[in-house]
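Notes for the one structure printed next.
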Amino acid sequence: MLKKVTLTILFFALSINLSSAQSLDNLKAINSVWSKFYKAFETLDYTLMAEIHSKDLVRISGGKRIINYTTYINNYKAGFKRDKESNQSQSISLRFFERINNDSAASERGIYKLVRNKGTENEQAYYGQFHVLFKKTNGEWKITMDYDSSEGETIGEEDYKKAFAIDDFDKFLN
């Protein structure tokens, strides 16, 4: 009897652990959120930013201030509008040094590269370190916390290249 109970408990513990393990499916689903994030910058469409962020968002900008969802989205609405009016372009890309997930939450850390006016004499690249938390609600991954910082302007191309590509899943599967 004790052996049967022990085996049942062991099986239950293993099934819980397996259901909450790192998953390729979760990484791919989260990448679809990142795809919308990229597209928002490329098309200067703030509505895509609104779509992928939770209404309960906590945004820590530059390691200096905390803002909420409404302020964050309104900032993108105004900024993207200003960029469109002045014919500015933007693209952003992410590389990762940490990607952890289970079936309800994810933590992703890495380096971003934001390029403004690519291919022009006014091209500028900006780098920073980010940490984003996702929560899966009603089957959708939403960004619930977004932190970034240039770490005192110490983050650059070398840091960006050291991190792993967004589709380099093998580095993050256990």
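Chain labels run A, B, ... following the order of the structure tokens; each chain numbers its residues from 1, and ligands are numbered from 1 in the order shown.
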
Produce a table with one row for each residue of segment 127-154 of chain A that has an atom at most 8 Å from any atom of segment 93-104 of chain A, each row naming the nearest atom pair and its distance in Å at one decimal; use only C-alpha atoms; arrange rows by chain and rising residue number; format as a tab-separated table.
residue	atom	partner	partner_atom	distance
A:Lys135	CA	A:Ser104	CA	5.8
A:Lys136	CA	A:Ser104	CA	4.8
A:Thr137	CA	A:Ser104	CA	7.6

Report task. Please run DSSP on the backbone and report, as a PyMOL selection string, all residues within segment 23-149 of chain A that come out as alpha helix (DSSP H). Result -> chain A and resi 24-43+46-52+69-85

Run DSSP on the backbone and grab whatever in chain A lands in strand (DSSP E or B); send it over as a compact mmCIF listing (two decimals) with C-alpha atoms, in the first residue's frame.
# COMPACT_ATOMS: atom_id res chain seq x y z
CA HIS A 53 0.67 44.75 -23.49
CA SER A 54 -1.50 43.99 -20.48
CA LYS A 55 -3.71 46.76 -19.14
CA ASP A 56 -1.94 46.05 -15.82
CA LEU A 57 1.45 46.84 -17.36
CA VAL A 58 4.29 48.09 -15.20
CA ARG A 59 6.82 49.89 -17.38
CA ILE A 60 10.20 50.89 -15.98
CA SER A 61 11.87 53.18 -18.47
CA ARG A 65 10.76 55.97 -13.75
CA ILE A 66 7.67 53.77 -13.59
CA ILE A 67 4.64 54.37 -15.79
CA ASN A 68 1.36 52.55 -16.39
CA GLN A 90 12.57 52.92 -36.79
CA SER A 91 13.34 49.26 -36.45
CA ILE A 92 14.04 47.25 -33.35
CA SER A 93 15.54 43.82 -32.83
CA LEU A 94 16.10 41.71 -29.78
CA ARG A 95 18.72 39.17 -28.77
CA PHE A 96 18.42 37.08 -25.63
CA PHE A 97 20.55 35.75 -22.81
CA GLU A 98 17.62 34.39 -20.80
CA ARG A 99 14.26 32.96 -21.81
CA ILE A 100 12.30 31.13 -19.11
CA ASN A 101 8.68 30.05 -19.42
CA ALA A 105 4.27 33.02 -17.28
CA ALA A 106 7.54 33.90 -18.98
CA SER A 107 10.62 35.96 -18.20
CA GLU A 108 12.82 37.17 -21.03
CA ARG A 109 16.04 39.15 -20.73
CA GLY A 110 18.42 40.37 -23.37
CA ILE A 111 19.74 43.25 -25.44
CA TYR A 112 17.75 45.40 -27.84
CA LYS A 113 19.01 47.39 -30.79
CA LEU A 114 16.88 50.31 -31.95
CA VAL A 115 17.86 51.81 -35.29
CA ARG A 116 16.44 55.13 -36.41
CA GLN A 124 21.45 56.22 -35.27
CA ALA A 125 21.62 53.00 -33.25
CA TYR A 126 20.65 52.73 -29.59
CA TYR A 127 21.22 49.74 -27.33
CA GLY A 128 19.89 48.67 -23.98
CA GLN A 129 19.30 45.75 -21.75
CA PHE A 130 15.70 44.62 -21.22
CA HIS A 131 13.75 42.38 -18.90
CA VAL A 132 10.17 41.57 -19.88
CA LEU A 133 7.62 39.48 -17.99
CA PHE A 134 4.72 37.88 -19.82
CA LYS A 135 1.53 36.39 -18.46
CA LYS A 136 -0.76 34.10 -20.41
CA THR A 137 -4.38 35.14 -19.94
CA GLU A 140 -2.91 35.01 -25.04
CA TRP A 141 0.57 36.08 -23.99
CA LYS A 142 0.66 39.70 -22.81
CA ILE A 143 3.57 41.79 -21.58
CA THR A 144 2.94 42.64 -17.93
CA MET A 145 6.30 44.19 -17.01
CA ASP A 146 8.81 45.86 -19.30
CA TYR A 147 12.10 47.16 -17.94
CA ASP A 148 14.97 48.57 -19.97
CA SER A 149 18.16 50.45 -19.29
CA PHE A 164 21.31 34.74 -28.86
CA ALA A 165 18.99 35.30 -31.84

Report summary line: Min atom-atom distance to Gly119 of chain A from the set A:Gln88, A:Thr70, A:Asn138, A:Thr43, counting only C-alpha atoms, belongs to A:Gln88

**Report entry** Atomic separation - atom CA of Phe169 of chain A relative to atom CA of Asp25 of chain A, Å
**Finding:** 10.2 Å

Requested in this report: Measuring atom to atom with only C-alpha atoms, identify which of A:Asn75, A:Asn26, A:Ser150, A:Ser89 is nearest to Tyr46 of chain A.
Outcome: A:Asn75

**Report entry** For atom CA of Trp34 of chain A and atom CA of Glu121 of chain A, the interatomic separation in Å (one decimal)
**Finding:** 28.3 Å

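Compared by their closest atoms to Gly152 of chain A, and using only C-alpha atoms, the residues A:Asp45, A:Lys64, A:Ile166, A:Ala40 rank with A:Lys64 nearest.
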
Can you tell me, as a PDB file with N, CA and C atoms, in the first residue's frame, what residues are no more than 9 Å from Lys36 of chain A when counting only C-alpha atoms, ignoring any on the same chain fewer than 3 positions away?
ATOM      1  N   ASN A  31       7.261  34.492 -29.405  1.00  0.00           N
ATOM      2  CA  ASN A  31       7.867  35.147 -30.571  1.00  0.00           C
ATOM      3  C   ASN A  31       6.828  35.813 -31.459  1.00  0.00           C
ATOM      4  N   SER A  32       5.612  35.288 -31.479  1.00  0.00           N
ATOM      5  CA  SER A  32       4.569  35.958 -32.276  1.00  0.00           C
ATOM      6  C   SER A  32       4.216  37.306 -31.644  1.00  0.00           C
ATOM      7  N   VAL A  33       4.329  37.418 -30.329  1.00  0.00           N
ATOM      8  CA  VAL A  33       4.136  38.715 -29.665  1.00  0.00           C
ATOM      9  C   VAL A  33       5.288  39.641 -30.048  1.00  0.00           C
ATOM     10  N   LYS A  39       6.885  44.833 -35.626  1.00  0.00           N
ATOM     11  CA  LYS A  39       6.058  45.470 -36.651  1.00  0.00           C
ATOM     12  C   LYS A  39       5.560  46.845 -36.197  1.00  0.00           C
ATOM     13  N   ALA A  40       5.269  46.990 -34.910  1.00  0.00           N
ATOM     14  CA  ALA A  40       4.826  48.290 -34.390  1.00  0.00           C
ATOM     15  C   ALA A  40       5.878  49.361 -34.668  1.00  0.00           C
ATOM     16  N   PHE A  41       7.151  49.027 -34.472  1.00  0.00           N
ATOM     17  CA  PHE A  41       8.220  49.993 -34.732  1.00  0.00           C
ATOM     18  C   PHE A  41       8.388  50.243 -36.231  1.00  0.00           C
ATOM     19  N   LEU A  48      -0.581  48.271 -32.284  1.00  0.00           N
ATOM     20  CA  LEU A  48       0.049  46.964 -32.076  1.00  0.00           C
ATOM     21  C   LEU A  48       0.681  46.893 -30.684  1.00  0.00           C
ATOM     22  N   MET A  49       1.253  48.006 -30.238  1.00  0.00           N
ATOM     23  CA  MET A  49       1.811  48.049 -28.879  1.00  0.00           C
ATOM     24  C   MET A  49       0.694  47.870 -27.857  1.00  0.00           C
ATOM     25  N   GLU A  51      -2.047  46.275 -28.223  1.00  0.00           N
ATOM     26  CA  GLU A  51      -2.551  44.908 -28.316  1.00  0.00           C
ATOM     27  C   GLU A  51      -1.703  43.905 -27.533  1.00  0.00           C
ATOM     28  N   ILE A  52      -0.406  44.077 -27.487  1.00  0.00           N
ATOM     29  CA  ILE A  52       0.476  43.060 -26.900  1.00  0.00           C
ATOM     30  C   ILE A  52       0.808  43.305 -25.422  1.00  0.00           C
TER      31      ILE A  52
END

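Taking atom CA of Leu24 of chain A and atom CA of Asp168 of chain A as endpoints, the distance between them is 10.7 Å.
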